[in-house]
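Below is the file my_file_24.pdb, which contains PDB, C-alpha atoms, pLDDT in the B column.
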```pdb
MODEL        1
ATOM      1  CA  ALA A   1      -3.626  14.367   0.429  1.00 78.00           C
ATOM      2  CA  LEU A   2      -5.258  14.157  -2.993  1.00 80.00           C
ATOM      3  CA  VAL A   3      -2.110  15.296  -4.792  1.00 87.00           C
ATOM      4  CA  MET A   4       0.132  13.083  -2.647  1.00 82.00           C
ATOM      5  CA  SER A   5      -2.002  10.005  -3.354  1.00 80.00           C
ATOM      6  CA  ILE A   6      -1.143  10.383  -7.046  1.00 81.00           C
ATOM      7  CA  ALA A   7       2.367  11.872  -6.670  1.00 83.00           C
ATOM      8  CA  ILE A   8       3.516   8.976  -4.502  1.00 79.00           C
ATOM      9  CA  LEU A   9       2.996   6.656  -7.484  1.00 78.00           C
ATOM     10  CA  PHE A  10       5.618   8.618  -9.443  1.00 82.00           C
ATOM     11  CA  PHE A  11       8.180   8.192  -6.649  1.00 78.00           C
ATOM     12  CA  LEU A  12       7.776   4.416  -6.337  1.00 74.00           C
ATOM     13  CA  PRO A  13      10.407   3.483  -8.956  1.00 71.00           C
ATOM     14  CA  ILE A  14      12.912   5.799  -7.269  1.00 73.00           C
ATOM     15  CA  LEU A  15      12.192   4.434  -3.796  1.00 68.00           C
ATOM     16  CA  HIS A  16      12.309   0.777  -4.859  1.00 64.00           C
ATOM     17  CA  THR A  17      15.554  -0.575  -3.407  1.00 64.00           C
ATOM     18  CA  SER A  18      14.773  -4.281  -3.125  1.00 63.00           C
ATOM     19  CA  LYS A  19      17.370  -6.726  -4.362  1.00 63.00           C
ATOM     20  CA  SER A  20      14.824  -8.771  -6.305  1.00 63.00           C
ATOM     21  CA  GLN A  21      12.415  -7.152  -8.759  1.00 65.00           C
ATOM     22  CA  GLY A  22       9.500  -9.575  -8.504  1.00 68.00           C
ATOM     23  CA  LEU A  23       7.051 -10.124  -5.679  1.00 65.00           C
ATOM     24  CA  GLN A  24       7.337 -13.901  -5.979  1.00 68.00           C
ATOM     25  CA  PHE A  25      10.312 -13.805  -3.574  1.00 71.00           C
ATOM     26  CA  TYR A  26       8.531 -11.592  -1.025  1.00 74.00           C
ATOM     27  CA  PRO A  27       5.535 -13.422   0.461  1.00 82.00           C
ATOM     28  CA  MET A  28       4.788 -10.652   2.981  1.00 83.00           C
ATOM     29  CA  ASN A  29       4.756  -8.090   0.183  1.00 82.00           C
ATOM     30  CA  GLN A  30       2.303 -10.257  -1.725  1.00 86.00           C
ATOM     31  CA  ILE A  31      -0.026 -10.062   1.253  1.00 89.00           C
ATOM     32  CA  LEU A  32       0.515  -6.305   1.448  1.00 89.00           C
ATOM     33  CA  PHE A  33      -0.265  -6.003  -2.263  1.00 88.00           C
ATOM     34  CA  TRP A  34      -3.683  -7.614  -1.819  1.00 93.00           C
ATOM     35  CA  TYR A  35      -4.217  -5.504   1.301  1.00 93.00           C
ATOM     36  CA  MET A  36      -3.582  -2.428  -0.863  1.00 92.00           C
ATOM     37  CA  PHE A  37      -5.871  -3.725  -3.597  1.00 95.00           C
ATOM     38  CA  ILE A  38      -8.736  -4.109  -1.111  1.00 96.00           C
ATOM     39  CA  ILE A  39      -8.107  -0.627   0.311  1.00 95.00           C
ATOM     40  CA  VAL A  40      -8.255   0.960  -3.158  1.00 94.00           C
ATOM     41  CA  ILE A  41     -11.521  -0.856  -3.921  1.00 96.00           C
ATOM     42  CA  LEU A  42     -13.000   0.264  -0.578  1.00 96.00           C
ATOM     43  CA  LEU A  43     -11.835   3.858  -1.084  1.00 94.00           C
ATOM     44  CA  THR A  44     -13.495   3.857  -4.492  1.00 94.00           C
ATOM     45  CA  TRP A  45     -16.710   2.556  -2.952  1.00 95.00           C
ATOM     46  CA  ILE A  46     -16.573   5.086  -0.090  1.00 95.00           C
ATOM     47  CA  GLY A  47     -16.082   7.893  -2.602  1.00 92.00           C
ATOM     48  CA  ALA A  48     -19.420   7.011  -4.190  1.00 94.00           C
ATOM     49  CA  ARG A  49     -21.308   7.079  -0.876  1.00 93.00           C
ATOM     50  CA  PRO A  50     -23.187  10.133   0.439  1.00 93.00           C
ATOM     51  CA  VAL A  51     -21.456  12.390   2.936  1.00 92.00           C
ATOM     52  CA  GLU A  52     -22.433  10.924   6.321  1.00 93.00           C
ATOM     53  CA  ASP A  53     -20.518  10.504   9.561  1.00 93.00           C
ATOM     54  CA  LEU A  54     -19.953   6.762   9.187  1.00 93.00           C
ATOM     55  CA  TYR A  55     -18.668   7.087   5.616  1.00 94.00           C
ATOM     56  CA  ILE A  56     -16.438  10.031   6.518  1.00 95.00           C
ATOM     57  CA  LEU A  57     -14.807   8.091   9.358  1.00 95.00           C
ATOM     58  CA  THR A  58     -14.380   4.988   7.195  1.00 95.00           C
ATOM     59  CA  GLY A  59     -12.810   7.077   4.425  1.00 94.00           C
ATOM     60  CA  GLN A  60     -10.361   8.688   6.841  1.00 95.00           C
ATOM     61  CA  ILE A  61      -9.286   5.346   8.267  1.00 96.00           C
ATOM     62  CA  LEU A  62      -8.842   3.869   4.788  1.00 95.00           C
ATOM     63  CA  THR A  63      -6.835   6.929   3.700  1.00 93.00           C
ATOM     64  CA  VAL A  64      -4.432   6.464   6.604  1.00 94.00           C
ATOM     65  CA  LEU A  65      -4.082   2.775   5.714  1.00 94.00           C
ATOM     66  CA  TYR A  66      -3.461   3.725   2.064  1.00 91.00           C
ATOM     67  CA  PHE A  67      -0.502   5.918   2.982  1.00 90.00           C
ATOM     68  CA  LEU A  68       0.782   3.439   5.590  1.00 92.00           C
ATOM     69  CA  TYR A  69       1.200   0.887   2.814  1.00 90.00           C
ATOM     70  CA  TYR A  70       3.894   3.054   1.217  1.00 86.00           C
ATOM     71  CA  ILE A  71       5.733   3.246   4.538  1.00 86.00           C
ATOM     72  CA  ILE A  72       5.376  -0.424   5.519  1.00 89.00           C
ATOM     73  CA  ASN A  73       6.143  -2.006   2.126  1.00 85.00           C
ATOM     74  CA  PRO A  74       9.808  -0.887   1.829  1.00 83.00           C
ATOM     75  CA  ILE A  75      10.447  -1.781   5.477  1.00 85.00           C
ATOM     76  CA  VAL A  76       9.101  -5.302   4.962  1.00 85.00           C
ATOM     77  CA  SER A  77      11.207  -5.656   1.797  1.00 82.00           C
ATOM     78  CA  LYS A  78      14.389  -4.681   3.646  1.00 82.00           C
ATOM     79  CA  ILE A  79      13.617  -7.053   6.507  1.00 85.00           C
ATOM     80  CA  TRP A  80      12.970  -9.869   4.027  1.00 82.00           C
ATOM     81  CA  ASP A  81      16.223  -9.092   2.162  1.00 79.00           C
ATOM     82  CA  LYS A  82      18.159  -9.295   5.436  1.00 82.00           C
ATOM     83  CA  THR A  83      16.415 -12.563   6.289  1.00 81.00           C
ATOM     84  CA  LEU A  84      17.410 -14.077   2.950  1.00 74.00           C
ATOM     85  CA  ASN A  85      20.935 -12.570   3.202  1.00 73.00           C
ATOM     86  CA  TYR A  86      20.830 -10.674  -0.110  1.00 58.00           C
TER      87      TYR A  86
ENDMDL
END
```
In structure tokens, what does this structure look like?
Amino acid sequence: ALVMSIAILFFLPILHTSKSQGLQFYPMNQILFWYMFIIVILLTWIGARPVEDLYILTGQILTVLYFLYYIINPIVSKIWDKTLNY
């Protein structure tokens, strides 16, 4: 998971298939971007906490949400492209 969390960032340009390059035309992706920003901040905070059951569970949930972003974001972009008839 540690390697994939960094490796996935290298595959983003290859996987980007949206018709428009900017997020200004994708309001749902803007929301997802800030969702991702909050998750990264929380994962950073959780990483600095001591190893306790509550922090472990929170870290696992946030890790799943981190990887779900990379699955949900392209799907939302394709749906939005179909909605706008690109």
Can you list, as a PyMOL selection string, every protein, DNA or RNA residue that comes within 12 Å of Ile6 in chain A when you count all atoms listed in the file, leaving out same-chain residues fewer than 6 positions away? chain A and resi 12+66-67
Select, from A:Met28, A:Trp34, A:Thr63, A:Ile72, the residue with the minimum atom-to-atom distance to Gly47 in chain A, counting all atoms listed in the file. A:Thr63
Residue among A:Leu42, A:Val76, A:Val3, A:Ile14 lying closest to Gln30 in chain A, counting all atoms listed in the file: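 Nearest candidate to Gln30 in chain A out of A:Leu42, A:Val76, A:Val3, A:Ile14: A:Val76.
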Take CA of Leu68 in chain A and CA of Pro50 in chain A and report the distance between them in Å, one decimal. 25.4 Å
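Going from CA of Phe11 in chain A to CA of Asn73 in chain A covers 13.6 Å.
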